[in-house]
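Structure data follow from protein_10.cif (mmCIF, C-alpha atoms):
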```
data_upload
loop_
_atom_site.label_atom_id
_atom_site.label_comp_id
_atom_site.auth_asym_id
_atom_site.auth_seq_id
_atom_site.Cartn_x
_atom_site.Cartn_y
_atom_site.Cartn_z
CA MET A 29 -28.70 17.96 13.04
CA ALA A 30 -28.85 16.13 16.35
CA HIS A 31 -26.03 13.88 15.23
CA ASP A 32 -23.48 16.64 15.60
CA ALA A 33 -21.92 15.56 18.90
CA THR A 34 -22.09 11.83 18.18
CA VAL A 35 -20.32 12.22 14.87
CA THR A 36 -17.52 14.56 15.88
CA GLY A 37 -16.90 12.73 19.16
CA ALA A 38 -16.97 15.91 21.24
CA GLY A 39 -17.62 15.43 24.95
CA LEU A 40 -16.96 11.68 24.92
CA THR A 41 -14.70 9.71 27.23
CA PRO A 42 -11.18 9.49 25.78
CA GLY A 43 -8.70 6.60 25.85
CA LEU A 44 -9.23 3.01 26.95
CA ARG A 45 -12.42 3.86 28.87
CA GLY A 46 -13.65 5.42 25.67
CA VAL A 47 -13.18 2.08 23.86
CA ALA A 48 -15.46 0.41 26.39
CA SER A 49 -18.10 3.11 26.44
CA ASP A 50 -18.10 3.46 22.64
CA TRP A 51 -18.57 -0.27 22.10
CA THR A 52 -21.04 -0.91 24.94
CA GLY A 53 -23.34 2.08 24.57
CA ASP A 54 -26.63 1.43 22.84
CA LYS A 55 -25.65 3.80 20.04
CA GLN A 56 -23.33 4.46 17.12
CA THR A 57 -19.90 2.89 17.75
CA PHE A 58 -17.68 4.82 15.35
CA HIS A 59 -17.92 8.58 15.68
CA VAL A 60 -17.11 9.19 12.05
CA PRO A 61 -19.39 9.60 9.02
CA TRP A 62 -20.72 6.19 7.95
CA GLY A 63 -18.97 6.40 4.59
CA LYS A 64 -15.62 6.71 6.30
CA ALA A 65 -16.31 3.78 8.62
CA MET A 66 -17.29 1.69 5.62
CA MET A 67 -14.17 2.65 3.70
CA TRP A 68 -12.04 1.64 6.69
CA ILE A 69 -13.80 -1.71 6.84
CA PHE A 70 -13.29 -2.22 3.12
CA ILE A 71 -9.61 -1.39 3.59
CA LEU A 72 -9.43 -3.91 6.40
CA SER A 73 -10.84 -6.63 4.14
CA ASP A 74 -8.46 -5.65 1.35
CA THR A 75 -5.58 -5.88 3.82
CA PHE A 76 -6.49 -9.52 4.32
CA ILE A 77 -6.54 -10.15 0.58
CA PHE A 78 -3.13 -8.61 -0.04
CA THR A 79 -1.61 -10.25 3.01
CA CYS A 80 -2.85 -13.62 1.79
CA PHE A 81 -1.25 -12.94 -1.61
CA LEU A 82 2.05 -11.93 -0.03
CA THR A 83 1.96 -14.90 2.35
CA GLY A 84 1.32 -17.21 -0.60
CA TYR A 85 4.27 -15.60 -2.32
CA MET A 86 6.47 -16.17 0.74
CA HIS A 87 5.50 -19.84 0.84
CA VAL A 88 6.05 -20.36 -2.87
CA ARG A 89 9.41 -18.60 -2.79
CA THR A 90 10.78 -20.45 0.25
CA SER A 91 9.73 -23.78 -1.24
CA ALA A 92 11.00 -23.15 -4.80
CA ARG A 93 13.52 -25.78 -5.85
CA ILE A 94 14.86 -23.73 -8.72
CA GLN A 95 16.55 -20.46 -7.90
CA TRP A 96 14.36 -17.38 -7.65
CA PRO A 97 15.31 -14.73 -10.25
CA ASN A 98 17.08 -11.69 -8.81
CA PRO A 99 14.52 -8.84 -9.07
CA SER A 100 17.33 -6.32 -8.95
CA GLU A 101 18.55 -7.61 -12.32
CA VAL A 102 15.18 -8.54 -13.81
CA PHE A 103 13.84 -5.01 -13.34
CA ALA A 104 17.04 -3.21 -14.26
CA LEU A 105 16.82 -0.70 -17.06
CA SER A 106 19.58 0.91 -19.03
CA LEU A 107 18.96 4.56 -19.66
CA GLY A 108 21.54 5.02 -22.38
CA GLY A 109 24.40 3.15 -20.75
CA GLU A 110 24.97 0.66 -17.95
CA PRO A 111 21.79 -1.01 -16.66
CA ILE A 112 20.66 0.62 -13.39
CA PRO A 113 19.21 -1.95 -10.97
CA LEU A 114 15.51 -1.68 -10.19
CA ILE A 115 15.34 1.87 -11.52
CA LEU A 116 11.87 1.58 -13.08
CA ILE A 117 10.40 0.30 -9.82
CA ALA A 118 12.13 3.07 -7.88
CA ILE A 119 10.60 5.69 -10.17
CA MET A 120 7.18 4.05 -9.82
CA THR A 121 7.58 4.16 -6.04
CA PHE A 122 8.40 7.85 -6.08
CA ILE A 123 5.46 8.57 -8.38
CA LEU A 124 3.06 6.82 -6.03
CA ILE A 125 4.46 8.67 -3.01
CA SER A 126 4.11 11.97 -4.83
CA SER A 127 0.50 11.11 -5.57
CA SER A 128 -0.10 10.36 -1.88
CA GLY A 129 1.22 13.81 -1.04
CA THR A 130 -1.04 15.59 -3.51
CA MET A 131 -3.97 13.53 -2.21
CA ALA A 132 -3.28 14.62 1.37
CA MET A 133 -3.23 18.24 0.15
CA ALA A 134 -6.55 17.67 -1.64
CA VAL A 135 -8.18 16.45 1.58
CA ASN A 136 -6.89 19.52 3.39
CA MET A 137 -8.12 21.90 0.70
CA GLY A 138 -11.46 20.10 0.67
CA TYR A 139 -12.10 20.85 4.33
CA ARG A 140 -11.10 24.46 3.68
CA GLY A 141 -13.84 24.55 1.08
CA ASP A 142 -11.50 25.43 -1.78
CA ARG A 143 -13.27 23.57 -4.57
CA ALA A 144 -10.97 24.46 -7.45
CA LYS A 145 -7.79 23.52 -5.59
CA THR A 146 -9.31 20.30 -4.23
CA ALA A 147 -10.48 19.17 -7.65
CA SER A 148 -7.21 20.01 -9.37
CA LEU A 149 -5.11 18.31 -6.68
CA MET A 150 -7.28 15.21 -7.03
CA LEU A 151 -6.83 15.28 -10.79
CA ILE A 152 -3.05 15.61 -10.35
CA THR A 153 -3.21 12.58 -8.04
CA ALA A 154 -5.16 10.67 -10.68
CA ALA A 155 -2.61 11.68 -13.31
CA PHE A 156 0.22 10.32 -11.14
CA GLY A 157 -1.80 7.13 -10.75
CA ALA A 158 -2.31 6.84 -14.50
CA THR A 159 1.44 7.33 -15.02
CA PHE A 160 2.09 4.54 -12.55
CA VAL A 161 -0.23 2.17 -14.40
CA GLY A 162 1.40 3.17 -17.69
CA MET A 163 4.84 2.30 -16.35
CA GLN A 164 3.48 -0.97 -15.04
CA ALA A 165 2.14 -1.77 -18.49
CA PHE A 166 5.62 -1.10 -19.85
CA GLU A 167 7.14 -3.38 -17.21
CA TRP A 168 4.67 -6.15 -18.01
CA THR A 169 5.31 -5.84 -21.73
CA LYS A 170 9.05 -6.05 -21.16
CA LEU A 171 8.68 -9.19 -19.06
CA ILE A 172 6.15 -10.89 -21.33
CA VAL A 173 7.55 -10.00 -24.74
CA ASP A 174 11.30 -9.62 -24.16
CA GLU A 175 11.93 -12.07 -21.32
CA GLY A 176 9.17 -14.59 -22.08
CA VAL A 177 7.85 -14.72 -18.52
CA ARG A 178 4.41 -16.34 -18.24
CA PRO A 179 2.14 -17.03 -15.26
CA TRP A 180 2.98 -20.73 -15.66
CA SER A 181 6.63 -20.60 -16.71
CA ASN A 182 9.69 -18.46 -16.43
CA PRO A 183 12.94 -18.77 -18.39
CA LEU A 184 14.81 -16.77 -15.73
CA GLY A 185 14.45 -19.34 -12.95
CA ALA A 186 11.67 -20.52 -10.66
CA PRO A 187 8.39 -20.77 -12.65
CA GLN A 188 6.43 -19.54 -9.62
CA PHE A 189 8.01 -16.12 -10.15
CA GLY A 190 5.69 -15.47 -13.08
CA ALA A 191 2.53 -16.50 -11.24
CA VAL A 192 3.35 -14.39 -8.21
CA PHE A 193 4.49 -11.40 -10.22
CA PHE A 194 1.43 -11.22 -12.46
CA MET A 195 -1.04 -11.89 -9.68
CA ILE A 196 0.29 -9.46 -7.10
CA THR A 197 1.31 -6.56 -9.32
CA GLY A 198 -1.78 -7.15 -11.47
CA PHE A 199 -4.12 -6.96 -8.51
CA HIS A 200 -2.37 -3.86 -7.22
CA GLY A 201 -2.45 -2.26 -10.67
CA LEU A 202 -6.17 -2.96 -10.82
CA HIS A 203 -6.57 -1.10 -7.54
CA VAL A 204 -4.61 1.84 -8.91
CA SER A 205 -6.71 1.89 -12.09
CA ILE A 206 -9.97 1.81 -10.10
CA GLY A 207 -8.53 4.55 -7.90
CA VAL A 208 -7.84 6.74 -10.93
CA ILE A 209 -11.47 6.38 -12.04
CA TYR A 210 -12.75 6.96 -8.51
CA LEU A 211 -10.57 10.06 -8.05
CA THR A 212 -11.57 11.54 -11.40
CA THR A 213 -15.26 11.00 -10.71
CA VAL A 214 -15.14 12.59 -7.26
CA ALA A 215 -12.93 15.44 -8.52
CA MET A 216 -15.50 16.29 -11.19
CA LYS A 217 -18.29 16.29 -8.64
CA VAL A 218 -16.24 18.44 -6.26
CA PHE A 219 -15.59 20.91 -9.05
CA ARG A 220 -19.30 21.05 -9.90
CA GLY A 221 -20.08 21.86 -6.27
CA ASP A 222 -22.08 18.71 -5.52
CA TYR A 223 -20.71 18.54 -1.98
CA GLU A 224 -21.29 22.15 -0.95
CA LYS A 225 -24.19 21.13 1.29
CA ARG A 226 -23.09 17.65 2.32
CA GLY A 227 -19.53 18.54 3.29
CA TYR A 228 -16.22 17.31 2.00
CA GLU A 229 -15.74 14.02 3.86
CA ILE A 230 -15.95 12.32 0.49
CA VAL A 231 -12.52 13.71 -0.37
CA GLU A 232 -11.08 12.24 2.81
CA ILE A 233 -12.77 8.90 2.11
CA THR A 234 -11.40 8.82 -1.43
CA GLY A 235 -8.04 9.75 0.08
CA LEU A 236 -8.21 6.79 2.46
CA TYR A 237 -8.57 4.44 -0.49
CA TRP A 238 -5.73 6.11 -2.38
CA HIS A 239 -3.34 6.08 0.57
CA PHE A 240 -4.15 2.43 1.08
CA VAL A 241 -3.13 1.68 -2.50
CA ASP A 242 0.17 3.43 -1.77
CA LEU A 243 0.48 1.48 1.48
CA VAL A 244 0.11 -1.84 -0.33
CA TRP A 245 2.82 -0.79 -2.74
CA VAL A 246 5.17 -0.15 0.20
CA PHE A 247 4.83 -3.81 1.14
CA ILE A 248 5.04 -5.12 -2.44
CA PHE A 249 8.14 -2.99 -3.05
CA ALA A 250 9.80 -4.34 0.10
CA PHE A 251 8.90 -8.00 -0.20
CA PHE A 252 8.72 -8.62 -3.91
CA TYR A 253 11.22 -6.21 -5.45
CA LEU A 254 13.82 -5.64 -2.74
CA TRP A 255 13.89 -8.97 -0.89
CA MET B 21 -23.98 18.30 10.34
CA ALA B 22 -23.59 21.37 8.21
CA LYS B 23 -20.00 22.00 7.03
CA ALA B 24 -18.39 19.08 8.87
CA GLU B 25 -15.15 19.72 10.69
CA GLY B 26 -13.44 16.49 9.71
CA GLN B 27 -9.69 16.02 9.88
CA GLN B 28 -7.98 19.37 9.59
CA HIS B 29 -4.30 19.66 10.35
CA PRO B 30 -1.56 22.14 9.51
CA LEU B 31 -0.12 21.66 6.04
CA ALA B 32 3.40 21.56 7.49
CA VAL B 33 2.70 18.09 8.95
CA TYR B 34 1.87 16.73 5.51
CA PHE B 35 4.94 18.28 3.90
CA TRP B 36 7.16 16.79 6.59
CA VAL B 37 5.71 13.32 6.13
CA TRP B 38 5.85 13.66 2.37
CA GLY B 39 9.54 14.50 2.57
CA LEU B 40 10.22 11.69 5.02
CA LEU B 41 8.50 9.18 2.74
CA PHE B 42 10.75 10.26 -0.12
CA VAL B 43 13.86 9.95 2.03
CA LEU B 44 12.84 6.53 3.37
CA SER B 45 12.04 5.27 -0.12
CA GLY B 46 15.42 6.54 -1.23
CA PHE B 47 17.03 4.59 1.62
CA SER B 48 15.21 1.38 0.74
CA TYR B 49 16.28 1.76 -2.85
CA LEU B 50 19.86 2.31 -1.70
CA VAL B 51 19.74 -1.00 0.17
CA ASP B 52 19.41 -2.66 -3.21
CA TYR B 53 21.71 -0.27 -5.05
CA ILE B 54 24.57 -0.71 -2.61
CA GLY B 55 23.84 -4.41 -2.54
CA PHE B 56 23.63 -5.29 1.16
CA GLU B 57 23.12 -9.00 1.68
CA GLY B 58 21.65 -11.34 4.25
CA TYR B 59 20.23 -10.25 7.58
CA LEU B 60 21.46 -6.67 7.22
CA ARG B 61 19.52 -6.35 3.95
CA TRP B 62 16.35 -7.95 5.28
CA SER B 63 16.25 -5.97 8.50
CA LEU B 64 16.89 -2.66 6.71
CA ILE B 65 14.13 -3.43 4.20
CA ILE B 66 11.68 -4.24 6.98
CA ILE B 67 12.62 -1.20 9.08
CA PHE B 68 12.16 1.24 6.20
CA MET B 69 8.96 -0.52 5.12
CA LEU B 70 7.40 -0.33 8.59
CA LEU B 71 8.41 3.32 9.02
CA LYS B 72 6.82 4.22 5.68
CA ALA B 73 3.68 2.20 6.39
CA GLY B 74 3.38 3.76 9.84
CA LEU B 75 3.70 7.30 8.49
CA ILE B 76 1.13 6.71 5.77
CA VAL B 77 -1.42 5.15 8.12
CA ALA B 78 -0.84 7.51 11.05
CA ILE B 79 -0.61 10.84 9.25
CA PHE B 80 -1.94 10.55 5.70
CA MET B 81 -4.83 8.30 6.70
CA HIS B 82 -5.28 10.34 9.91
CA MET B 83 -5.27 7.22 12.07
CA MET B 84 -3.46 8.94 14.96
CA TRP B 85 -6.28 11.48 15.26
CA GLU B 86 -9.08 8.92 15.21
CA ARG B 87 -10.80 7.57 18.29
CA MET B 88 -9.35 4.45 19.88
CA ALA B 89 -12.49 2.41 19.13
CA LEU B 90 -11.87 2.83 15.40
CA ILE B 91 -8.10 2.36 15.68
CA TYR B 92 -8.47 -0.97 17.51
CA ALA B 93 -11.17 -2.18 15.13
CA ILE B 94 -8.82 -1.63 12.18
CA ILE B 95 -5.42 -2.52 13.65
CA GLY B 96 -6.65 -5.48 15.75
CA PRO B 97 -7.93 -7.98 13.17
CA PRO B 98 -4.79 -7.98 10.96
CA ILE B 99 -2.80 -9.27 13.94
CA VAL B 100 -4.27 -12.72 13.29
CA LEU B 101 -2.55 -12.54 9.91
CA LEU B 102 0.75 -12.88 11.76
CA VAL B 103 -0.38 -16.37 12.75
CA LEU B 104 -1.02 -17.23 9.10
CA ILE B 105 2.39 -15.86 8.12
CA GLY B 106 4.07 -17.89 10.87
CA LEU B 107 2.27 -21.07 9.87
CA MET B 108 3.11 -20.62 6.20
CA ALA B 109 6.77 -19.93 6.97
CA VAL B 110 6.99 -23.27 8.78
CA GLU B 111 5.02 -24.97 6.02
CA GLY B 112 7.31 -23.49 3.37
CA ASP B 113 10.38 -24.92 5.06
CA TYR B 114 8.69 -28.29 5.29
CA THR B 115 7.75 -28.20 1.60
CA ILE B 116 11.27 -27.40 0.41
CA LEU B 117 12.77 -30.09 2.61
CA THR B 118 10.29 -32.63 1.28
CA ARG B 119 11.01 -31.59 -2.29
CA LEU B 120 14.76 -31.79 -1.85
CA ASN B 121 14.32 -35.15 -0.20
CA PHE B 122 12.28 -36.65 -3.01
CA PHE B 123 13.40 -34.77 -6.10
CA GLY B 124 16.84 -33.53 -5.10
CA ALA B 125 18.23 -30.11 -5.83
CA ASP B 126 18.08 -28.72 -9.31
CA THR B 127 21.63 -29.33 -10.40
CA THR B 128 21.86 -26.59 -13.00
CA GLU B 129 20.28 -23.66 -11.24
CA PHE B 130 20.07 -24.40 -7.57
CA ALA B 131 22.43 -22.20 -5.60
CA GLU B 132 22.24 -21.35 -1.93
CA HIS B 133 18.59 -21.50 -0.99
CA GLN B 134 17.15 -18.81 1.20
#
```
Would you mind writing the file's structure down as structure tokens?
Amino acid sequence: MAHDATVTGAGLTPGLRGVASDWTGDKQTFHVPWGKAMMWIFILSDTFIFTCFLTGYMHVRTSARIQWPNPSEVFALSLGGEPIPLILIAIMTFILISSSGTMAMAVNMGYRGDRAKTASLMLITAAFGATFVGMQAFEWTKLIVDEGVRPWSNPLGAPQFGAVFFMITGFHGLHVSIGVIYLTTVAMKVFRGDYEKRGYEIVEITGLYWHFVDLVWVFIFAFFYLW
Amino acid sequence: MAKAEGQQHPLAVYFWVWGLLFVLSGFSYLVDYIGFEGYLRWSLIIIFMLLKAGLIVAIFMHMMWERMALIYAIIGPPIVLLVLIGLMAVEGDYTILTRLNFFGADTTEFAEHQ
């Protein structure tokens, strides 16, 4: 197709001058497939949502009159002995990072045209994601049933802890769950060979979404669990 | 475009970043495990967080291989969020001072407020 050069960006001005010529030319601005540009713009909007949540959390935590519960103790788990601080969250973090790795491999295999490997790596990624959501469900159950934390009250300290915890981890968990469905769907289609003609950008686009979910967790882990 | 080129990079890059992400996550967990407090804790958390975020965006999301027009369009807008964060930090301090002023500290649970 005639779009070849405009999409791959070959023969265009690089660097700062490239910014100007890309934006001012009477033509396509982003030299990527439209689906990828759209995914980036969705990610940008989601960045705003999560930042607003985390900023709200910061405000609520700095202005809490009653002491904030220590996440290190709240999320401790005893695996047959002394409670290990934050261990469940640490395992969840490692699971999500592992899934990001397998996703990156899937994108690579996709561009190599290895359908079977791409599909199975995507399914492994989805399985990691499902494990993550399962552990989150366990964490929620523990907090709701054993500790009695509610979105409007919290026996461990500041009541805002419950609201922030359920909203932020809930919204992130929703993203992971949607990602698992998205990954599984695309993996099936890859396996069936639906993208043989259209090319495998779809795997990279799905990967963008998945890596973003991991990226959000990096911030939640730092600000909510470790702070 | 038949058989698009897309983002193709040596697998070794991904394995390196994957490993680094594990190590950095391990470090951030250690911050809590060892029990660093105060500014040391907060700066370590932020350093490891930014390193991890940077690696994910740059390598896994292929940002460093994209054209500058796309990079700026994605990285630029979130900068305004820093203004929101700054405003809310000030506002949070004001709120707690007002609350302490009018309601006093919670005598049973209130310890050092940070």
Starting from the PyMOL selection byres ((chain A and resi 57-67) around 7), expand the selection into actual residues of this file and give them as number ranges by chain.
A: 34-37, 50-51, 55-56, 68-71, 233; B: 89-90
Can you turn the PyMOL selection byres ((chain A) within 8 of (chain B)) into a concrete residue list for this file, as a ChimeraX atom specification?
/A:29,31-32,36,42-44,46-47,50-51,57-59,68-69,72,75-76,79,83-84,86-88,90-95,100,113,118,121-122,125-126,128-129,132-133,136,139,185,225-229,235-236,239,243,246-247,250,254-255
CA of Pro97 in chain A to CA of Leu184 in chain A, distance in Å rounded to a single decimal
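Value for the CA of Pro97 in chain A-CA of Leu184 in chain A distance: 5.9 Å.
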Check the smallest atom-to-atom distance from each of A:Leu105, A:Val161, A:Pro187, A:Met150 to Ile230 in chain A using all atoms listed in the file, then report the winner.
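Between A:Leu105, A:Val161, A:Pro187, A:Met150, the residue approaching Ile230 in chain A most closely is A:Met150.
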Selected by the PyMOL selection byres ((chain A and resi 143) around 12) in the shown coordinates: which residues, as JSON, numbers by chain?
{"A": [134, 135, 136, 137, 138, 139, 140, 141, 142, 144, 145, 146, 147, 148, 149, 150, 214, 215, 216, 217, 218, 219, 220, 221, 222, 223, 224, 227, 228, 231]}
Atom pair CA of Ile77 in chain A / CA of Phe199 in chain A: separation (Å)
9.9 Å
Can you tell me, as lines of an AutoDock Vina configuration file, the centre and edge lengths (Å, one decimal) of the axis-aligned box enclosing all of range 94-113 of chain B's listed atoms after padding each side by 8 Å?
```
center_x = 0.8
center_y = -13.3
center_z = 9.6
size_x = 35.2
size_y = 39.3
size_z = 28.4
```
Rounded to one decimal, what separation in Å do you get between CA of Ala104 in chain A and CA of Ile152 in chain A?
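Value for the CA of Ala104 in chain A-CA of Ile152 in chain A distance: 27.8 Å.
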Could you give me, as a list of chain:residue names, the residues within 12 Å of Pro179 in chain A, counting all atoms listed in the file and dropping anything in the same chain fewer than 5 positions from it?
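Residues meeting the cut-off are A:Trp168, A:Leu171, A:Ile172, A:Ala186, A:Pro187, A:Gln188, A:Phe189, A:Gly190, A:Ala191, A:Val192, A:Phe193, A:Phe194, A:Met195, A:Ile196, A:Gly198.
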Dump C-alpha atoms for the selected residues as a PDB file, keeping the file's coordinate frame?
```
ATOM      1  CA  TRP A 168       4.670  -6.150 -18.010  1.00  0.00           C
ATOM      2  CA  LEU A 171       8.680  -9.190 -19.060  1.00  0.00           C
ATOM      3  CA  ILE A 172       6.150 -10.890 -21.330  1.00  0.00           C
ATOM      4  CA  ALA A 186      11.670 -20.520 -10.660  1.00  0.00           C
ATOM      5  CA  PRO A 187       8.390 -20.770 -12.650  1.00  0.00           C
ATOM      6  CA  GLN A 188       6.430 -19.540  -9.620  1.00  0.00           C
ATOM      7  CA  PHE A 189       8.010 -16.120 -10.150  1.00  0.00           C
ATOM      8  CA  GLY A 190       5.690 -15.470 -13.080  1.00  0.00           C
ATOM      9  CA  ALA A 191       2.530 -16.500 -11.240  1.00  0.00           C
ATOM     10  CA  VAL A 192       3.350 -14.390  -8.210  1.00  0.00           C
ATOM     11  CA  PHE A 193       4.490 -11.400 -10.220  1.00  0.00           C
ATOM     12  CA  PHE A 194       1.430 -11.220 -12.460  1.00  0.00           C
ATOM     13  CA  MET A 195      -1.040 -11.890  -9.680  1.00  0.00           C
ATOM     14  CA  ILE A 196       0.290  -9.460  -7.100  1.00  0.00           C
ATOM     15  CA  GLY A 198      -1.780  -7.150 -11.470  1.00  0.00           C
TER      16      GLY A 198
END
```
When you look at Leu124 in chain A with a cut-off of 9 Å (counting only C-alpha atoms), what residues show up, excluding the ones that are within fewer than 4 positions of it in the same chain? I need them as a PyMOL selection string.
chain A and resi 119-120+128-129+153+156-157+160+241-242+245
